[in-house]
Structure formats: structure tokens, C-alpha cells
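Below: the structure, in C-alpha cells.
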Amino acid sequence: MIRDLDRLTERTFDVLVVGGGVYGLTIAYDAAQRGLAVALIEADDFGSGTSFNHLRTIHGGLRYLQSLDIARARESVNERRTLARIAPHAVQPLVFALPLTRSLTKGKLAMRVGFLIDRLVAARRNQGVPAGHRLPAGRVVSRGTAIQRFPGLRRQGLTGAAVWYDYVTTEADRLTFTWAIAAAEHGAVLANHVEGLAPVLDGRRVTGVRARDAVTGREFEIGARVTVTATGAGVHRLLAPLGLSAQVPLLKAMNLVTRREAGEEALGGKAPSGRNLFLVPWRDCALFGTWESERTCAPDALGVTEAEIAAFVAELNQAFPSLDLKRADVTMVHRGIVPAVAHADGRATLQGHEQLRDHAGDGVEGLMTIAGTKYTTARSVAERITNRLLVKLKQPAVRCRTALTPLPGGGLRDVGLTIADARREHDQGLPTDTIPHLIAAYGSRYRDVLDLAEGRPEWRTRVADQSPVIGAELVWAVRKEMAMTLRDAVIRRTPLGALGYPGDGAADRAARFVGHELGWSDARMREEIESLRGFYSPGSI
């Protein structure tokens, strides 16, 4: 992927996607794979917004069965299976356990019925899935088994536990970025750090977007027959000049990365509000989520306050009485703004369905808006949107192939065997945990990074003491993956900063790898390090 802004102005595209989160990237990929001329711009970096703020789980929609939303549950199961088939290196099975109490709707009998329905809905959950990724059916276990097997569950009123399997994605931000690679490899023109300023109009038809390069300040126009805005909370910036509204209420969501050790299971607990919270083991640490604001918020309310973090910590300690979590245990706050449902009493709850609006219904042609909340089903949402784009553009129907085509690096069938083979061939001189990390991050393309480091011992060493990331990954991120800032390289192209600020020493080493490639001065490197440090402030965007 090469950042070439001149390619954005050379022609009129069929589709311009504004917004480089998982929804925008999957739309760009699907549309490009079906033969449309596609461009995508992102104001910050790919996957830097709400797509960064998810619980790192790929789930099969079991919770939707409580409301008998069979269609959503089936879609979730299908997309969970799809990711295991097209990106097996990026997901791993994980057991979940939720405590059960005496309840007509959420007790043992209700969960047994739910699992029975799930067996029917998810009958093909393992079809075409590699052997190591096949998921057993869910079950209900007794109180004694729950206490013995899952000692972290809340015991007060415990009658048993619901146990099921989903996936966790260790290299979550790499998975998001892989959709960008896939789009680019199918001809889409992508550019990060390019902000969409305002729509370009021809009467009441949107013919593109006026944009600004954040690197140079240059402004230019991108022409497109249809513009799709997938900017999350920022959608109002493009709609307001047209007198339009996305008509999507918003709420704040938050997950906490902590320094607390975690076991090998994801544990559930009930918050005082009645919402289920989860402790998810991620990179050997405990990740907690998801907190949601009780009321709607403004589109620019991107940060979270210390009071909100404290309230979430208190909720977690009630849901998991033995936890005794402290604010000092929190090393990083994932935060984002997501579509909501506003209720008559002033409360807000998460909007479960994507919100797609063709503004032709508002008298403005050539403009569509998409807002979604669920990471797992982004690909299937993109499929539906691309189907509509083909009709809107009067193009012949072309079958979607994104569910069957491996993502870049996704051609592995046996991840464990690949790790063993790679250790024998490449492990000498590398940190012991680097090979499994590289395969989880790059899949079958891990050799590209190692080949880059050939003959460069300093590129094969750790950048930070507790991280498997080596210097060659940072170089690769700049040369091949459009990393333009230290944040891009440390937070999203690699997991160097995944668990919190990696420390001044590691930040300095990373800045020198990235800065050498981009020609930064010492002063620029210091600015980039300060920007990286500021990212970990909860109020930061």
C-alpha cells in the first residue's frame, strides 16, 4: 500500500468511501473485488476510531436468542465462521462462562432452551473451518462444576453457568488493517490522514468530496458517482453543509485494558444495571467491557472522564466481587461513540442493527450513510451495501466473493503447524515469542517481515522488553503499510502499544525506526513521542 494522493484526483470513481473503520474498509474491499472503481479516505488512520474500541471477540450472537432475533443470531454465526475460514491466523477459540441464578428468563432452564435453539441456528458453525478452530456447542453446567471450573464467577445466588465458545482476536488491529490491504490489492485507492471537508455538489447531486491532506495541508477534490460516508460519530461534518442529518442517536462505549493477569476463559458478570459485563483474557492480561453511557451524547464527545472510568471500575467490582480492581490497574482505555436507540424516558441503549440511509430520499442524490456497531458482521453489512451500490450505479449484478476469498495472509489451514515450521526455519536470533506473534499478525505473509530483517540483527530484536514486536515490523509498516505517524506504527500496525504506553525507552527506539524511514528531525521525533504518550490519556481522541 503506497500513499499516492495524485491517484485520488486522476479520475472519477464509482464509489468514494469516507471513513476507514472496519465498515468503510469492508465496503471498499467488497466493491473493489466486484469490479467497481473505489477510493477511500480516512481523516486519521485506518481503524483508529470506534473500530479500535471493541472487546477483541468475534461472537456468534448467542445473546440475540434471548429476544428470539433468529436472523441476527444466524448472521453472527455465519460471519464468525467466515472469519475463521478466511483469516484463521487472526482468531482463536475461547471459552466463555456466564453465571446463572434463579430466573425465569435468564436461569438454567432458559439457557438450556437458548442453547437448544443455538444448536439449530448454528448447525453449520464449523462447516469449512480448520480443525483447530472448530467450536463445541454450548451447555449449562451445575453450580459445583461452575465453582470448580470457573472460580472467578460471582457465587452469590449462583445455580450454575452457561458455557459456550466464540473467538478472540489477539492481533485485533492487524485484522482491521487486513481489510485495507485486501481493498488495495483489488485496486482500491486508499489514503489515511486525509479529511473529507465538504461534499462537492452539482445541483442536488453529490459528485464527490473536497478533502485536505493532514500531512501537507493541501486541499483537493475527489470525484465519485456515489459517496458513502462511514465516519461514525463524524458523519455530521459531511451532512451538515447539505442541511441533512444521519438521524442516528449516539452513546459512548468503553473497554478497559488492565495489568491484571487473566486465566484462559472469558468470564461474565452482571452489572447493577442488569447488563452483562465480561472479563476477556487478551495478551495475557484482563480486558473488561463493555461499559455504555446511559444517555445519548454529542458527536464530538469522544473522550471519557475519570468519573466515568471510576463508575465502570465500581460496576466491575460488583460484577466480579473477588476482583478488587483499582484505577491504577487500568493501563489503557478503549473508547468510542456508537449508534444508539433513544428511549422515551431519556435512556439510551446500543443500536443492534446497522443504519443505512440513501439520501436520495432526502432529495440529495449520490450520497449514502452507514453507521454500525458490530465488528463481527461488518463484512456481511458491506455485502448488502455493495449490492445496493451496483443497483444504484446501474451495474450488472456481480456475486460477492469476500466470504470465500482468504484475506491477505489467510491461506493457512494449520496455524500450529505453521508456527512449528517457522520456529525451525527462522527462530534463531529472534525473541522466543516473536514467531507466534508474526503469524497471528501477518498470517502466511510473516516471511515478508523476516526477509526484510535478513542481515540486520538490530531489526530482529525487541523494541520493548515485554513485547514480541521487532524493529523490522516498524520499518515494514512505513515502507509497505502507509504508517505516517508514530501512533500509526505503534498502536495499529503493531501491538507495541496495545497494552498501554510502552515506556519512554521503547517509544524512543520506535521513533528512531519510523523517523529514519520518514526523514524526521530529532525535534519531530520528540513531537511524535509526546503525541504517542498523549494518546493514552482517557480524554484524548
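Letters A, B, ... go to the chains of the C-alpha cells in the order shown; residues in each chain start at 1; ligands are counted from 1 in the same order.
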- Item | Selection: 7 Å around Arg225 in chain A, only C-alpha atoms, excl. self and same-chain fewer than 3 positions, as a list in words | Phe13, Asp14, Val15, Thr207 and Gly366 of chain A
- Counting only C-alpha atoms, what is within 8 Å of range 345-355 of chain A, bar same-chain residues fewer than 6 positions away, as a list in words?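 Counting only the stated atoms, we get Val248, Leu251, Glu292, Ser293, Glu294, Arg295, Thr296, Val338, Pro339, Thr369, Ile370, Ala371, Gly372, Thr373, Lys374 and Val381 of chain A.
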Output the selection as a PDB file, in the first residue's frame - N, CA, C and O atoms for each residue.
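Output (out-v7.pdb):
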ATOM      1  N   VAL A 248     -29.184   9.472  13.655  1.00  0.00           N
ATOM      2  CA  VAL A 248     -28.730   8.342  14.457  1.00  0.00           C
ATOM      3  C   VAL A 248     -28.275   8.860  15.812  1.00  0.00           C
ATOM      4  O   VAL A 248     -27.254   9.553  15.902  1.00  0.00           O
ATOM      5  N   LEU A 251     -24.156   7.017  21.626  1.00  0.00           N
ATOM      6  CA  LEU A 251     -23.753   6.877  23.021  1.00  0.00           C
ATOM      7  C   LEU A 251     -22.279   6.530  23.083  1.00  0.00           C
ATOM      8  O   LEU A 251     -21.684   6.108  22.094  1.00  0.00           O
ATOM      9  N   GLU A 292     -21.359   1.265  28.669  1.00  0.00           N
ATOM     10  CA  GLU A 292     -22.048   2.169  27.745  1.00  0.00           C
ATOM     11  C   GLU A 292     -22.711   3.281  28.548  1.00  0.00           C
ATOM     12  O   GLU A 292     -23.223   3.044  29.646  1.00  0.00           O
ATOM     13  N   SER A 293     -22.677   4.486  28.019  1.00  0.00           N
ATOM     14  CA  SER A 293     -23.338   5.599  28.702  1.00  0.00           C
ATOM     15  C   SER A 293     -24.842   5.370  28.723  1.00  0.00           C
ATOM     16  O   SER A 293     -25.411   4.776  27.803  1.00  0.00           O
ATOM     17  N   GLU A 294     -25.490   5.847  29.778  1.00  0.00           N
ATOM     18  CA  GLU A 294     -26.925   5.630  29.923  1.00  0.00           C
ATOM     19  C   GLU A 294     -27.743   6.566  29.053  1.00  0.00           C
ATOM     20  O   GLU A 294     -28.929   6.313  28.805  1.00  0.00           O
ATOM     21  N   ARG A 295     -27.129   7.662  28.617  1.00  0.00           N
ATOM     22  CA  ARG A 295     -27.848   8.635  27.798  1.00  0.00           C
ATOM     23  C   ARG A 295     -27.059   8.928  26.524  1.00  0.00           C
ATOM     24  O   ARG A 295     -25.867   8.619  26.441  1.00  0.00           O
ATOM     25  N   THR A 296     -27.717   9.533  25.575  1.00  0.00           N
ATOM     26  CA  THR A 296     -27.046   9.860  24.324  1.00  0.00           C
ATOM     27  C   THR A 296     -26.001  10.941  24.562  1.00  0.00           C
ATOM     28  O   THR A 296     -26.023  11.654  25.573  1.00  0.00           O
ATOM     29  N   VAL A 338     -20.891   5.130  19.419  1.00  0.00           N
ATOM     30  CA  VAL A 338     -21.582   4.160  18.577  1.00  0.00           C
ATOM     31  C   VAL A 338     -23.063   4.518  18.470  1.00  0.00           C
ATOM     32  O   VAL A 338     -23.611   5.223  19.320  1.00  0.00           O
ATOM     33  N   PRO A 339     -23.738   4.027  17.418  1.00  0.00           N
ATOM     34  CA  PRO A 339     -25.162   4.303  17.257  1.00  0.00           C
ATOM     35  C   PRO A 339     -25.981   3.739  18.414  1.00  0.00           C
ATOM     36  O   PRO A 339     -25.676   2.678  18.965  1.00  0.00           O
ATOM     37  N   THR A 369     -25.226   6.937   3.705  1.00  0.00           N
ATOM     38  CA  THR A 369     -24.610   6.961   5.029  1.00  0.00           C
ATOM     39  C   THR A 369     -24.800   5.601   5.687  1.00  0.00           C
ATOM     40  O   THR A 369     -25.905   5.043   5.659  1.00  0.00           O
ATOM     41  N   ILE A 370     -23.731   5.085   6.293  1.00  0.00           N
ATOM     42  CA  ILE A 370     -23.803   3.830   7.023  1.00  0.00           C
ATOM     43  C   ILE A 370     -23.227   4.045   8.424  1.00  0.00           C
ATOM     44  O   ILE A 370     -22.191   4.678   8.598  1.00  0.00           O
ATOM     45  N   ALA A 371     -23.942   3.548   9.422  1.00  0.00           N
ATOM     46  CA  ALA A 371     -23.453   3.568  10.797  1.00  0.00           C
ATOM     47  C   ALA A 371     -23.751   2.208  11.401  1.00  0.00           C
ATOM     48  O   ALA A 371     -24.876   1.712  11.308  1.00  0.00           O
ATOM     49  N   GLY A 372     -22.736   1.590  11.998  1.00  0.00           N
ATOM     50  CA  GLY A 372     -22.921   0.259  12.565  1.00  0.00           C
ATOM     51  C   GLY A 372     -22.192   0.113  13.876  1.00  0.00           C
ATOM     52  O   GLY A 372     -21.349   0.932  14.244  1.00  0.00           O
ATOM     53  N   THR A 373     -22.521  -0.966  14.591  1.00  0.00           N
ATOM     54  CA  THR A 373     -21.927  -1.171  15.912  1.00  0.00           C
ATOM     55  C   THR A 373     -21.167  -2.481  16.034  1.00  0.00           C
ATOM     56  O   THR A 373     -20.311  -2.609  16.893  1.00  0.00           O
ATOM     57  N   LYS A 374     -21.463  -3.450  15.205  1.00  0.00           N
ATOM     58  CA  LYS A 374     -20.960  -4.795  15.457  1.00  0.00           C
ATOM     59  C   LYS A 374     -19.788  -5.129  14.533  1.00  0.00           C
ATOM     60  O   LYS A 374     -19.935  -5.176  13.308  1.00  0.00           O
ATOM     61  N   VAL A 381     -22.529  -6.757   6.272  1.00  0.00           N
ATOM     62  CA  VAL A 381     -23.131  -5.442   6.031  1.00  0.00           C
ATOM     63  C   VAL A 381     -22.583  -4.852   4.733  1.00  0.00           C
ATOM     64  O   VAL A 381     -23.328  -4.310   3.906  1.00  0.00           O
TER      65      VAL A 381
END
- Find the spatial neighbours of range 382-397 of chain A, counting only C-alpha atoms, within a cut-off of 9 Å - ignore same-chain residues fewer than 5 positions away - and output them as a ChimeraX atom specification. /A:14-15,23-31,34,36,225-226,356,366,370,377,402
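Take CA of Glu185 in chain A and CA of Val215 in chain A: the distance between them is 24.1 Å.
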- Message: Residues within 9 Å of range 468-484 of chain A, please, as a PyMOL selection string. Count only C-alpha atoms; anything in the same chain fewer than 2 positions from it doesn't count.
- Response: chain A and resi 1-3+45+177+181+191-193+215+430-438+448-450+452-453+456+458-466+486-490+492-496+509-510+513-514+516-518
Tell me, which residues of range 339-415 of chain A carry DSSP strand (DSSP E), written as a compact mmCIF listing (two decimals) with N, CA, C and O atoms, in the first residue's frame?
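File states_30.txt, as written:
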# COMPACT_ATOMS: atom_id res chain seq x y z
N PRO A 339 -23.74 4.03 17.42
CA PRO A 339 -25.16 4.30 17.26
C PRO A 339 -25.98 3.74 18.41
O PRO A 339 -25.68 2.68 18.97
N ALA A 340 -27.02 4.46 18.77
CA ALA A 340 -27.85 4.10 19.92
C ALA A 340 -29.32 4.14 19.56
O ALA A 340 -29.72 4.65 18.50
N VAL A 341 -30.12 3.61 20.47
CA VAL A 341 -31.57 3.76 20.42
C VAL A 341 -31.95 4.66 21.59
O VAL A 341 -31.63 4.36 22.75
N ALA A 342 -32.59 5.78 21.30
CA ALA A 342 -33.01 6.70 22.36
C ALA A 342 -34.43 6.35 22.79
O ALA A 342 -35.34 6.23 21.96
N ALA A 348 -30.58 5.58 26.84
CA ALA A 348 -30.11 5.16 25.52
C ALA A 348 -29.53 3.76 25.63
O ALA A 348 -28.90 3.42 26.64
N THR A 349 -29.77 2.94 24.65
CA THR A 349 -29.18 1.61 24.59
C THR A 349 -28.54 1.40 23.23
O THR A 349 -28.86 2.11 22.26
N LEU A 350 -27.66 0.44 23.16
CA LEU A 350 -26.91 0.18 21.93
C LEU A 350 -27.85 -0.20 20.80
O LEU A 350 -28.77 -1.01 20.97
N GLN A 355 -27.35 1.07 10.45
CA GLN A 355 -28.25 2.12 9.98
C GLN A 355 -27.75 2.61 8.62
O GLN A 355 -26.73 3.29 8.54
N LEU A 356 -28.44 2.24 7.57
CA LEU A 356 -28.07 2.64 6.21
C LEU A 356 -29.13 3.58 5.67
O LEU A 356 -30.32 3.29 5.72
N ARG A 357 -28.66 4.70 5.16
CA ARG A 357 -29.59 5.71 4.63
C ARG A 357 -29.11 6.19 3.26
O ARG A 357 -27.96 6.64 3.12
N ASP A 358 -29.97 6.05 2.27
CA ASP A 358 -29.71 6.62 0.95
C ASP A 358 -30.37 8.00 0.95
O ASP A 358 -31.60 8.11 1.06
N LEU A 367 -25.37 10.09 -2.48
CA LEU A 367 -24.83 10.08 -1.12
C LEU A 367 -25.56 9.04 -0.28
O LEU A 367 -26.79 9.03 -0.22
N MET A 368 -24.77 8.18 0.39
CA MET A 368 -25.30 7.18 1.31
C MET A 368 -24.54 7.26 2.62
O MET A 368 -23.36 7.61 2.64
N THR A 369 -25.23 6.94 3.70
CA THR A 369 -24.61 6.96 5.03
C THR A 369 -24.80 5.60 5.69
O THR A 369 -25.91 5.04 5.66
N ILE A 370 -23.73 5.09 6.29
CA ILE A 370 -23.80 3.83 7.02
C ILE A 370 -23.23 4.04 8.42
O ILE A 370 -22.19 4.68 8.60
N ALA A 371 -23.94 3.55 9.42
CA ALA A 371 -23.45 3.57 10.80
C ALA A 371 -23.75 2.21 11.40
O ALA A 371 -24.88 1.71 11.31
- Query: Skipping near chain neighbours, those fewer than 5 positions away, what residues fall within 8 Å of Ala146 in chain A using only C-alpha atoms, listed as number ranges by chain?
  - Reply: A: 99, 141, 151, 153, 160-161
List as CSV every residue of range 180-270 of chain A that is in contact with range 100-116 of chain A, defined as an atom at most 10 Å from one of its atoms (using only C-alpha atoms), together with the nearest atom pair and the distance in Å rounded to one decimal, sorted by chain and then rising number.
residue,atom,partner,partner_atom,distance
A:Gly268,CA,A:Leu100,CA,9.9
A:Gly269,CA,A:Leu100,CA,9.4
A:Lys270,CA,A:Leu100,CA,9.7
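Here CA of Gly20 in chain A and CA of Arg379 in chain A stand 13.8 Å from one another.
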